[in-house]
>>> print(open('work_16.pdb').read())   # PDB, C-alpha atoms and all ligand atoms
ATOM      1  CA  MET A 180      -1.703  12.436  13.062  1.00  0.00           C
ATOM      2  CA  ALA A 181      -1.831   9.959  10.228  1.00  0.00           C
ATOM      3  CA  LEU A 182       1.917   9.820   9.532  1.00  0.00           C
ATOM      4  CA  GLU A 183       3.354   9.678  13.049  1.00  0.00           C
ATOM      5  CA  LYS A 184       4.441   6.046  12.809  1.00  0.00           C
ATOM      6  CA  TYR A 185       5.975   6.634   9.392  1.00  0.00           C
ATOM      7  CA  LYS A 186       8.077   9.494  10.757  1.00  0.00           C
ATOM      8  CA  GLN A 187       9.067   7.686  13.963  1.00  0.00           C
ATOM      9  CA  LYS A 188      10.557   4.787  11.999  1.00  0.00           C
ATOM     10  CA  ARG A 189      12.775   6.923   9.746  1.00  0.00           C
ATOM     11  CA  LYS A 190      15.828   9.168   9.978  1.00  0.00           C
ATOM     12  CA  PHE A 191      15.339  11.645   7.152  1.00  0.00           C
ATOM     13  CA  LYS A 192      19.010  12.670   7.207  1.00  0.00           C
ATOM     14  CA  SER A 193      20.039   9.207   6.091  1.00  0.00           C
ATOM     15  CA  THR A 194      17.205   7.902   3.911  1.00  0.00           C
ATOM     16  CA  PRO A 195      16.168   9.288   0.501  1.00  0.00           C
ATOM     17  CA  GLU A 196      12.513   8.532   1.285  1.00  0.00           C
ATOM     18  CA  PRO A 197      10.151  11.543   1.254  1.00  0.00           C
ATOM     19  CA  LYS A 198       9.232  13.224   4.516  1.00  0.00           C
ATOM     20  CA  GLY A 199       5.881  14.175   3.042  1.00  0.00           C
ATOM     21  CA  LYS A 200       2.606  15.037   4.692  1.00  0.00           C
ATOM     22  CA  ALA A 201      -1.052  14.089   4.519  1.00  0.00           C
ATOM     23  CA  LEU A 202      -2.922  15.864   1.716  1.00  0.00           C
ATOM     24  CA  LYS A 203      -6.525  17.047   1.297  1.00  0.00           C
ATOM     25  CA  LYS A 204      -6.973  16.208  -2.368  1.00  0.00           C
ATOM     26  CA  LEU A 205      -7.521  12.628  -3.489  1.00  0.00           C
ATOM     27  CA  GLN A 206      -6.438  11.314  -6.910  1.00  0.00           C
ATOM     28  CA  GLN A 207      -7.281   7.612  -6.365  1.00  0.00           C
ATOM     29  CA  ARG A 208      -3.917   6.243  -7.439  1.00  0.00           C
ATOM     30  CA  PHE A 209      -2.130   3.103  -6.359  1.00  0.00           C
ATOM     31  CA  VAL A 210       1.396   1.775  -6.489  1.00  0.00           C
ATOM     32  CA  ILE A 211       3.008  -1.595  -5.912  1.00  0.00           C
ATOM     33  CA  HIS A 212       6.616  -1.334  -4.745  1.00  0.00           C
ATOM     34  CA  GLU A 213       8.984  -4.280  -5.197  1.00  0.00           C
ATOM     35  CA  HIS A 214      11.069  -4.048  -2.057  1.00  0.00           C
ATOM     36  CA  HIS A 215      14.310  -5.987  -1.821  1.00  0.00           C
ATOM     37  CA  ALA A 216      14.738  -5.682   1.948  1.00  0.00           C
ATOM     38  CA  SER A 217      15.936  -8.508   4.228  1.00  0.00           C
ATOM     39  CA  HIS A 218      13.152 -10.496   2.503  1.00  0.00           C
ATOM     40  CA  LEU A 219      11.791  -9.625  -0.926  1.00  0.00           C
ATOM     41  CA  HIS A 220       8.194  -8.475  -0.614  1.00  0.00           C
ATOM     42  CA  TYR A 221       5.774  -6.197  -2.389  1.00  0.00           C
ATOM     43  CA  ASP A 222       4.199  -3.122  -0.829  1.00  0.00           C
ATOM     44  CA  PHE A 223       0.713  -2.347  -2.054  1.00  0.00           C
ATOM     45  CA  ARG A 224      -0.384   1.242  -1.472  1.00  0.00           C
ATOM     46  CA  LEU A 225      -3.766   2.866  -2.091  1.00  0.00           C
ATOM     47  CA  GLU A 226      -4.133   6.633  -2.057  1.00  0.00           C
ATOM     48  CA  MET A 227      -7.083   7.170   0.300  1.00  0.00           C
ATOM     49  CA  GLU A 228      -8.115   8.660   3.613  1.00  0.00           C
ATOM     50  CA  SER A 229      -6.108   7.473   6.578  1.00  0.00           C
ATOM     51  CA  LYS A 230      -9.353   6.709   8.401  1.00  0.00           C
ATOM     52  CA  ILE A 231     -12.829   6.887   6.896  1.00  0.00           C
ATOM     53  CA  ASP A 232     -13.946  10.562   6.920  1.00  0.00           C
ATOM     54  CA  SER A 233     -10.658  11.778   8.438  1.00  0.00           C
ATOM     55  CA  GLY A 234      -9.976  14.052   5.443  1.00  0.00           C
ATOM     56  CA  GLU A 235      -6.272  13.131   5.615  1.00  0.00           C
ATOM     57  CA  ILE A 236      -5.104  11.629   2.346  1.00  0.00           C
ATOM     58  CA  VAL A 237      -2.216   9.180   2.673  1.00  0.00           C
ATOM     59  CA  LEU A 238      -1.107   5.915   1.139  1.00  0.00           C
ATOM     60  CA  LYS A 239      -2.742   3.069   3.033  1.00  0.00           C
ATOM     61  CA  SER A 240      -0.080   0.384   2.840  1.00  0.00           C
ATOM     62  CA  TRP A 241       0.155  -3.399   3.021  1.00  0.00           C
ATOM     63  CA  ALA A 242       3.210  -5.638   2.774  1.00  0.00           C
ATOM     64  CA  VAL A 243       2.248  -8.517   0.502  1.00  0.00           C
ATOM     65  CA  PRO A 244       4.937 -11.249   0.695  1.00  0.00           C
ATOM     66  CA  LYS A 245       3.871 -13.014  -2.533  1.00  0.00           C
ATOM     67  CA  ASN A 246       2.524  -9.972  -4.388  1.00  0.00           C
ATOM     68  CA  LEU A 247      -1.095  -9.507  -5.426  1.00  0.00           C
ATOM     69  CA  PRO A 248      -2.929 -12.455  -7.012  1.00  0.00           C
ATOM     70  CA  GLU A 249      -3.483 -12.420 -10.768  1.00  0.00           C
ATOM     71  CA  LYS A 250      -5.989 -15.309 -10.996  1.00  0.00           C
ATOM     72  CA  VAL A 251      -9.650 -14.888 -10.034  1.00  0.00           C
ATOM     73  CA  GLY A 252     -10.357 -16.401  -6.632  1.00  0.00           C
ATOM     74  CA  GLU A 253      -6.714 -16.459  -5.564  1.00  0.00           C
ATOM     75  CA  ARG A 254      -5.967 -14.940  -2.173  1.00  0.00           C
ATOM     76  CA  ARG A 255      -2.757 -13.668  -0.630  1.00  0.00           C
ATOM     77  CA  LEU A 256      -1.773 -12.495   2.815  1.00  0.00           C
ATOM     78  CA  ALA A 257      -1.422  -8.700   3.127  1.00  0.00           C
ATOM     79  CA  VAL A 258      -0.033  -7.239   6.350  1.00  0.00           C
ATOM     80  CA  GLU A 259      -1.096  -3.679   7.011  1.00  0.00           C
ATOM     81  CA  VAL A 260       1.837  -1.384   7.741  1.00  0.00           C
ATOM     82  CA  GLU A 261       2.056   2.283   8.642  1.00  0.00           C
ATOM     83  CA  ASP A 262       0.420   4.923   6.425  1.00  0.00           C
ATOM     84  CA  HIS A 263       2.886   6.480   3.995  1.00  0.00           C
ATOM     85  CA  PRO A 264       2.790  10.047   2.641  1.00  0.00           C
ATOM     86  CA  VAL A 265       1.251  10.512  -0.812  1.00  0.00           C
ATOM     87  CA  ASP A 266       4.672  11.622  -2.164  1.00  0.00           C
ATOM     88  CA  TYR A 267       5.872   8.077  -1.629  1.00  0.00           C
ATOM     89  CA  ILE A 268       3.839   7.035  -4.680  1.00  0.00           C
ATOM     90  CA  ASN A 269       6.720   8.121  -6.943  1.00  0.00           C
ATOM     91  CA  PHE A 270       9.525   6.913  -4.713  1.00  0.00           C
ATOM     92  CA  TYR A 271      12.084   4.377  -5.844  1.00  0.00           C
ATOM     93  CA  GLY A 272      15.740   3.989  -5.010  1.00  0.00           C
ATOM     94  CA  VAL A 273      18.019   2.574  -2.383  1.00  0.00           C
ATOM     95  CA  ILE A 274      17.335   2.876   1.334  1.00  0.00           C
ATOM     96  CA  PRO A 275      20.834   2.721   2.839  1.00  0.00           C
ATOM     97  CA  GLU A 276      21.995   0.044   5.291  1.00  0.00           C
ATOM     98  CA  GLY A 277      21.145   0.873   8.881  1.00  0.00           C
ATOM     99  CA  ASN A 278      17.812   2.454   7.947  1.00  0.00           C
ATOM    100  CA  TYR A 279      14.338   1.016   8.393  1.00  0.00           C
ATOM    101  CA  GLY A 280      13.523  -1.102   5.325  1.00  0.00           C
ATOM    102  CA  ALA A 281      17.100  -0.930   3.992  1.00  0.00           C
ATOM    103  CA  GLY A 282      17.357  -2.233   0.432  1.00  0.00           C
ATOM    104  CA  THR A 283      16.265  -1.448  -3.099  1.00  0.00           C
ATOM    105  CA  VAL A 284      12.757  -0.206  -3.876  1.00  0.00           C
ATOM    106  CA  LYS A 285      11.376  -0.379  -7.422  1.00  0.00           C
ATOM    107  CA  ILE A 286       7.963   0.506  -8.795  1.00  0.00           C
ATOM    108  CA  TRP A 287       6.459  -2.818  -9.950  1.00  0.00           C
ATOM    109  CA  ASP A 288       3.105  -1.400 -11.057  1.00  0.00           C
ATOM    110  CA  ASN A 289       1.030   1.754 -10.676  1.00  0.00           C
ATOM    111  CA  GLY A 290      -2.088   3.440 -11.994  1.00  0.00           C
ATOM    112  CA  LYS A 291      -5.518   4.558 -10.861  1.00  0.00           C
ATOM    113  CA  TYR A 292      -8.268   2.697  -9.073  1.00  0.00           C
ATOM    114  CA  ASP A 293     -12.013   2.969  -8.583  1.00  0.00           C
ATOM    115  CA  LEU A 294     -13.289   2.512  -5.068  1.00  0.00           C
ATOM    116  CA  ILE A 295     -16.356   0.299  -4.869  1.00  0.00           C
ATOM    117  CA  ARG A 296     -16.758   0.097  -1.088  1.00  0.00           C
ATOM    118  CA  ARG A 297     -14.806   0.794   2.051  1.00  0.00           C
ATOM    119  CA  THR A 298     -15.647  -0.263   5.586  1.00  0.00           C
ATOM    120  CA  GLU A 299     -13.375  -0.897   8.595  1.00  0.00           C
ATOM    121  CA  LYS A 300     -13.025  -4.525   7.538  1.00  0.00           C
ATOM    122  CA  GLU A 301     -13.347  -4.565   3.749  1.00  0.00           C
ATOM    123  CA  ILE A 302     -12.032  -2.451   0.897  1.00  0.00           C
ATOM    124  CA  GLU A 303     -13.261  -3.320  -2.577  1.00  0.00           C
ATOM    125  CA  PHE A 304     -11.771  -1.620  -5.628  1.00  0.00           C
ATOM    126  CA  ILE A 305     -10.920  -1.978  -9.314  1.00  0.00           C
ATOM    127  CA  LEU A 306      -7.294  -1.555 -10.335  1.00  0.00           C
ATOM    128  CA  HIS A 307      -6.306   0.085 -13.604  1.00  0.00           C
ATOM    129  CA  GLY A 308      -2.588  -0.595 -13.675  1.00  0.00           C
ATOM    130  CA  LYS A 309      -0.028  -1.402 -16.328  1.00  0.00           C
ATOM    131  CA  LYS A 310       0.244  -4.996 -15.089  1.00  0.00           C
ATOM    132  CA  LEU A 311      -2.742  -5.541 -12.810  1.00  0.00           C
ATOM    133  CA  ASN A 312      -6.327  -4.803 -13.774  1.00  0.00           C
ATOM    134  CA  GLY A 313      -9.734  -5.688 -12.455  1.00  0.00           C
ATOM    135  CA  PRO A 314     -11.598  -6.005  -9.190  1.00  0.00           C
ATOM    136  CA  TYR A 315      -9.986  -6.906  -5.877  1.00  0.00           C
ATOM    137  CA  VAL A 316     -11.068  -6.991  -2.277  1.00  0.00           C
ATOM    138  CA  LEU A 317      -9.023  -6.594   0.886  1.00  0.00           C
ATOM    139  CA  VAL A 318     -10.623  -8.357   3.845  1.00  0.00           C
ATOM    140  CA  LYS A 319      -9.446  -7.997   7.418  1.00  0.00           C
ATOM    141  CA  THR A 320      -8.786 -11.339   9.080  1.00  0.00           C
ATOM    142  CA  HIS A 321      -8.753 -12.449  12.697  1.00  0.00           C
ATOM    143  CA  PHE A 322      -5.300 -14.090  12.403  1.00  0.00           C
ATOM    144  CA  SER A 323      -3.585 -11.109  13.941  1.00  0.00           C
ATOM    145  CA  LYS A 324      -4.141  -7.395  14.415  1.00  0.00           C
ATOM    146  CA  ASN A 325      -2.808  -6.208  11.051  1.00  0.00           C
ATOM    147  CA  SER A 326      -3.459  -9.135   8.785  1.00  0.00           C
ATOM    148  CA  TRP A 327      -5.709  -8.914   5.771  1.00  0.00           C
ATOM    149  CA  LEU A 328      -6.276 -11.090   2.712  1.00  0.00           C
ATOM    150  CA  ILE A 329      -6.262  -9.666  -0.778  1.00  0.00           C
ATOM    151  CA  ILE A 330      -8.456 -11.571  -3.202  1.00  0.00           C
ATOM    152  CA  LYS A 331      -8.871 -11.180  -6.951  1.00  0.00           C
ATOM    153  CA  LEU A 332     -12.567 -11.044  -7.837  1.00  0.00           C
ATOM    154  CA  LYS A 333     -14.489 -11.980 -10.987  1.00  0.00           C
ATOM    155  CA  GLU A 334     -15.108  -9.109 -13.468  1.00  0.00           C
TER     156      GLU A 334
HETATM  157 MN    MN B   1       8.476  -2.757   2.361  1.00  0.00          MN
END
>>> encode(input="work_16.pdb", output="structure tokens")
Amino acid sequence: MALEKYKQKRKFKSTPEPKGKALKKLQQRFVIHEHHASHLHYDFRLEMESKIDSGEIVLKSWAVPKNLPEKVGERRLAVEVEDHPVDYINFYGVIPEGNYGAGTVKIWDNGKYDLIRRTEKEIEFILHGKKLNGPYVLVKTHFSKNSWLIIKLKE
């Protein structure tokens, strides 16, 4: 199941985060969470299938330490983390001490996106957010198992 890892990491009695489930219907939204955990980072989430052709809609998620680039050609490290339920797209609040990811979560940006291309190693898309707009690509690297780069592309 797509959300097993997400559920394993959390105690739903003590975190306000949604339990959620994978959905069938896709709305092509994204969110960037500003997450003040032990280290401030940004969590970039794309509403899409957990795996290509799996039919399970989740939020594919990456922790981006320095947030997404805003200048064309700039690239930032993005570490893939566990799939999150679609309900998480509206989540913000405080994850209490003692819980996974404890700290404050705010919505930094959100909106819709157009998917240009998705393979196992590359996801190209156009963001239509309040702050971020334009084409981006996520490229899987060989640095480590979950590391990707996110690059802002030319219009
Ligand atoms: Mn996070």
>>> resolve_selection(input="work_16.pdb", expression="the PyMOL selection byres (((not hetatm)) within 7 of (chain B and resi 1))", output="list in words")
His214, Ala216, His220, Tyr221, Asp222, Ala242 and Gly280 of chain A
>>> atom_distance(input="work_16.pdb", atom1="CA of Ile286 (chain A)", atom2="CA of Gly308 (chain A)")
11.7 Å
>>> atom_distance(input="work_16.pdb", atom1="CA of Ala181 (chain A)", atom2="CA of Trp287 (chain A)")
25.3 Å
>>> residues_near_point(input="work_16.pdb", point="(-2.1, 12.9, 2.7)", cutoff="6 Å", atoms="all atoms listed in the file", output="list in words")
Lys200, Ala201, Leu202, Glu235, Ile236, Val237, Pro264 and Val265 of chain A
>>> closest_atom_pairs(input="work_16.pdb", of="region 258-291 of chain A", to="region 303-306 of chain A", cutoff="12 Å", atoms="only C-alpha atoms", output="tab-separated table")
residue	atom	partner	partner_atom	distance
A:Asp288	CA	A:Leu306	CA	10.4
A:Asn289	CA	A:Leu306	CA	9.0
A:Gly290	CA	A:Leu306	CA	7.4
A:Lys291	CA	A:Leu306	CA	6.4
>>> closest_residue(input="work_16.pdb", among="A:Phe191, A:His321, A:Glu299, A:Ser326", to="Val243 (chain A)", atoms="only C-alpha atoms")
A:Ser326
>>> residues_around(input="work_16.pdb", residues="region 253-261 of chain A", least_positions_apart="5", cutoff="12 Å", atoms="only C-alpha atoms", output="PDB file with C-alpha atoms, in the frame of the given file")
ATOM      1  CA  MET A 180      -1.703  12.436  13.062  1.00  0.00           C
ATOM      2  CA  ALA A 181      -1.831   9.959  10.228  1.00  0.00           C
ATOM      3  CA  LEU A 182       1.917   9.820   9.532  1.00  0.00           C
ATOM      4  CA  GLU A 183       3.354   9.678  13.049  1.00  0.00           C
ATOM      5  CA  LYS A 184       4.441   6.046  12.809  1.00  0.00           C
ATOM      6  CA  TYR A 185       5.975   6.634   9.392  1.00  0.00           C
ATOM      7  CA  LYS A 186       8.077   9.494  10.757  1.00  0.00           C
ATOM      8  CA  GLN A 187       9.067   7.686  13.963  1.00  0.00           C
ATOM      9  CA  LYS A 188      10.557   4.787  11.999  1.00  0.00           C
ATOM     10  CA  ARG A 189      12.775   6.923   9.746  1.00  0.00           C
ATOM     11  CA  HIS A 220       8.194  -8.475  -0.614  1.00  0.00           C
ATOM     12  CA  TYR A 221       5.774  -6.197  -2.389  1.00  0.00           C
ATOM     13  CA  ASP A 222       4.199  -3.122  -0.829  1.00  0.00           C
ATOM     14  CA  PHE A 223       0.713  -2.347  -2.054  1.00  0.00           C
ATOM     15  CA  ARG A 224      -0.384   1.242  -1.472  1.00  0.00           C
ATOM     16  CA  LEU A 225      -3.766   2.866  -2.091  1.00  0.00           C
ATOM     17  CA  SER A 229      -6.108   7.473   6.578  1.00  0.00           C
ATOM     18  CA  VAL A 237      -2.216   9.180   2.673  1.00  0.00           C
ATOM     19  CA  LEU A 238      -1.107   5.915   1.139  1.00  0.00           C
ATOM     20  CA  LYS A 239      -2.742   3.069   3.033  1.00  0.00           C
ATOM     21  CA  SER A 240      -0.080   0.384   2.840  1.00  0.00           C
ATOM     22  CA  TRP A 241       0.155  -3.399   3.021  1.00  0.00           C
ATOM     23  CA  ALA A 242       3.210  -5.638   2.774  1.00  0.00           C
ATOM     24  CA  VAL A 243       2.248  -8.517   0.502  1.00  0.00           C
ATOM     25  CA  PRO A 244       4.937 -11.249   0.695  1.00  0.00           C
ATOM     26  CA  LYS A 245       3.871 -13.014  -2.533  1.00  0.00           C
ATOM     27  CA  ASN A 246       2.524  -9.972  -4.388  1.00  0.00           C
ATOM     28  CA  LEU A 247      -1.095  -9.507  -5.426  1.00  0.00           C
ATOM     29  CA  PRO A 248      -2.929 -12.455  -7.012  1.00  0.00           C
ATOM     30  CA  GLY A 280      13.523  -1.102   5.325  1.00  0.00           C
ATOM     31  CA  LYS A 300     -13.025  -4.525   7.538  1.00  0.00           C
ATOM     32  CA  TYR A 315      -9.986  -6.906  -5.877  1.00  0.00           C
ATOM     33  CA  VAL A 316     -11.068  -6.991  -2.277  1.00  0.00           C
ATOM     34  CA  LEU A 317      -9.023  -6.594   0.886  1.00  0.00           C
ATOM     35  CA  VAL A 318     -10.623  -8.357   3.845  1.00  0.00           C
ATOM     36  CA  LYS A 319      -9.446  -7.997   7.418  1.00  0.00           C
ATOM     37  CA  THR A 320      -8.786 -11.339   9.080  1.00  0.00           C
ATOM     38  CA  HIS A 321      -8.753 -12.449  12.697  1.00  0.00           C
ATOM     39  CA  PHE A 322      -5.300 -14.090  12.403  1.00  0.00           C
ATOM     40  CA  SER A 323      -3.585 -11.109  13.941  1.00  0.00           C
ATOM     41  CA  LYS A 324      -4.141  -7.395  14.415  1.00  0.00           C
ATOM     42  CA  ASN A 325      -2.808  -6.208  11.051  1.00  0.00           C
ATOM     43  CA  SER A 326      -3.459  -9.135   8.785  1.00  0.00           C
ATOM     44  CA  TRP A 327      -5.709  -8.914   5.771  1.00  0.00           C
ATOM     45  CA  LEU A 328      -6.276 -11.090   2.712  1.00  0.00           C
ATOM     46  CA  ILE A 329      -6.262  -9.666  -0.778  1.00  0.00           C
ATOM     47  CA  ILE A 330      -8.456 -11.571  -3.202  1.00  0.00           C
ATOM     48  CA  LYS A 331      -8.871 -11.180  -6.951  1.00  0.00           C
ATOM     49  CA  LEU A 332     -12.567 -11.044  -7.837  1.00  0.00           C
ATOM     50  CA  LYS A 333     -14.489 -11.980 -10.987  1.00  0.00           C
TER      51      LYS A 333
END
>>> closest_residue(input="work_16.pdb", among="A:Glu196, A:Glu334, A:Asp262, A:Glu226", to="Ala281 (chain A)", atoms="all atoms listed in the file")
A:Glu196
>>> closest_residue(input="work_16.pdb", among="A:Lys203, A:Lys190, A:His212, A:Lys198", to="Glu276 (chain A)", atoms="all atoms listed in the file")
A:Lys190
>>> atom_distance(input="work_16.pdb", atom1="CA of Ser233 (chain A)", atom2="CA of Phe209 (chain A)")
19.2 Å
>>> closest_residue(input="work_16.pdb", among="A:Tyr292, A:Val210, A:Lys310, A:Arg297", to="His263 (chain A)", atoms="all atoms listed in the file")
A:Val210
>>> closest_residue(input="work_16.pdb", among="A:Leu219, A:Val284, A:Ile268, A:Leu205", to="Gly234 (chain A)", atoms="all atoms listed in the file")
A:Leu205
>>> build_atoms(input="work_16.pdb", residues="region 295-307 of chain A", atoms="N, CA, C and O atoms", output="PDB file, keeping the file's coordinate frame")
ATOM      1  N   ILE A 295     -14.986   0.824  -4.835  1.00  0.00           N
ATOM      2  CA  ILE A 295     -16.356   0.299  -4.869  1.00  0.00           C
ATOM      3  C   ILE A 295     -16.988   0.460  -3.488  1.00  0.00           C
ATOM      4  O   ILE A 295     -18.131   0.866  -3.352  1.00  0.00           O
ATOM      5  N   ARG A 296     -16.193   0.145  -2.440  1.00  0.00           N
ATOM      6  CA  ARG A 296     -16.758   0.097  -1.088  1.00  0.00           C
ATOM      7  C   ARG A 296     -15.618   0.110  -0.095  1.00  0.00           C
ATOM      8  O   ARG A 296     -14.592  -0.542  -0.303  1.00  0.00           O
ATOM      9  N   ARG A 297     -15.802   0.841   0.984  1.00  0.00           N
ATOM     10  CA  ARG A 297     -14.806   0.794   2.051  1.00  0.00           C
ATOM     11  C   ARG A 297     -15.488   0.787   3.404  1.00  0.00           C
ATOM     12  O   ARG A 297     -16.256   1.699   3.711  1.00  0.00           O
ATOM     13  N   THR A 298     -15.212  -0.231   4.191  1.00  0.00           N
ATOM     14  CA  THR A 298     -15.647  -0.263   5.586  1.00  0.00           C
ATOM     15  C   THR A 298     -14.378  -0.496   6.413  1.00  0.00           C
ATOM     16  O   THR A 298     -13.284  -0.570   5.861  1.00  0.00           O
ATOM     17  N   GLU A 299     -14.535  -0.631   7.729  1.00  0.00           N
ATOM     18  CA  GLU A 299     -13.375  -0.897   8.595  1.00  0.00           C
ATOM     19  C   GLU A 299     -12.716  -2.223   8.235  1.00  0.00           C
ATOM     20  O   GLU A 299     -11.535  -2.414   8.467  1.00  0.00           O
ATOM     21  N   LYS A 300     -13.519  -3.160   7.720  1.00  0.00           N
ATOM     22  CA  LYS A 300     -13.025  -4.525   7.538  1.00  0.00           C
ATOM     23  C   LYS A 300     -12.891  -4.966   6.095  1.00  0.00           C
ATOM     24  O   LYS A 300     -12.389  -6.061   5.827  1.00  0.00           O
ATOM     25  N   GLU A 301     -13.402  -4.168   5.156  1.00  0.00           N
ATOM     26  CA  GLU A 301     -13.347  -4.565   3.749  1.00  0.00           C
ATOM     27  C   GLU A 301     -13.134  -3.355   2.870  1.00  0.00           C
ATOM     28  O   GLU A 301     -13.770  -2.319   3.059  1.00  0.00           O
ATOM     29  N   ILE A 302     -12.242  -3.502   1.892  1.00  0.00           N
ATOM     30  CA  ILE A 302     -12.032  -2.451   0.897  1.00  0.00           C
ATOM     31  C   ILE A 302     -12.097  -3.124  -0.467  1.00  0.00           C
ATOM     32  O   ILE A 302     -11.292  -4.004  -0.769  1.00  0.00           O
ATOM     33  N   GLU A 303     -13.098  -2.731  -1.255  1.00  0.00           N
ATOM     34  CA  GLU A 303     -13.261  -3.320  -2.577  1.00  0.00           C
ATOM     35  C   GLU A 303     -12.969  -2.249  -3.624  1.00  0.00           C
ATOM     36  O   GLU A 303     -13.426  -1.113  -3.492  1.00  0.00           O
ATOM     37  N   PHE A 304     -12.213  -2.617  -4.656  1.00  0.00           N
ATOM     38  CA  PHE A 304     -11.771  -1.620  -5.628  1.00  0.00           C
ATOM     39  C   PHE A 304     -11.424  -2.298  -6.942  1.00  0.00           C
ATOM     40  O   PHE A 304     -11.244  -3.521  -6.994  1.00  0.00           O
ATOM     41  N   ILE A 305     -11.322  -1.485  -7.989  1.00  0.00           N
ATOM     42  CA  ILE A 305     -10.920  -1.978  -9.314  1.00  0.00           C
ATOM     43  C   ILE A 305      -9.604  -1.308  -9.682  1.00  0.00           C
ATOM     44  O   ILE A 305      -9.513  -0.073  -9.688  1.00  0.00           O
ATOM     45  N   LEU A 306      -8.603  -2.103  -9.959  1.00  0.00           N
ATOM     46  CA  LEU A 306      -7.294  -1.555 -10.335  1.00  0.00           C
ATOM     47  C   LEU A 306      -7.222  -1.330 -11.836  1.00  0.00           C
ATOM     48  O   LEU A 306      -7.716  -2.148 -12.627  1.00  0.00           O
ATOM     49  N   HIS A 307      -6.601  -0.204 -12.190  1.00  0.00           N
ATOM     50  CA  HIS A 307      -6.306   0.085 -13.604  1.00  0.00           C
ATOM     51  C   HIS A 307      -4.808   0.341 -13.688  1.00  0.00           C
ATOM     52  O   HIS A 307      -4.362   1.490 -13.722  1.00  0.00           O
TER      53      HIS A 307
END
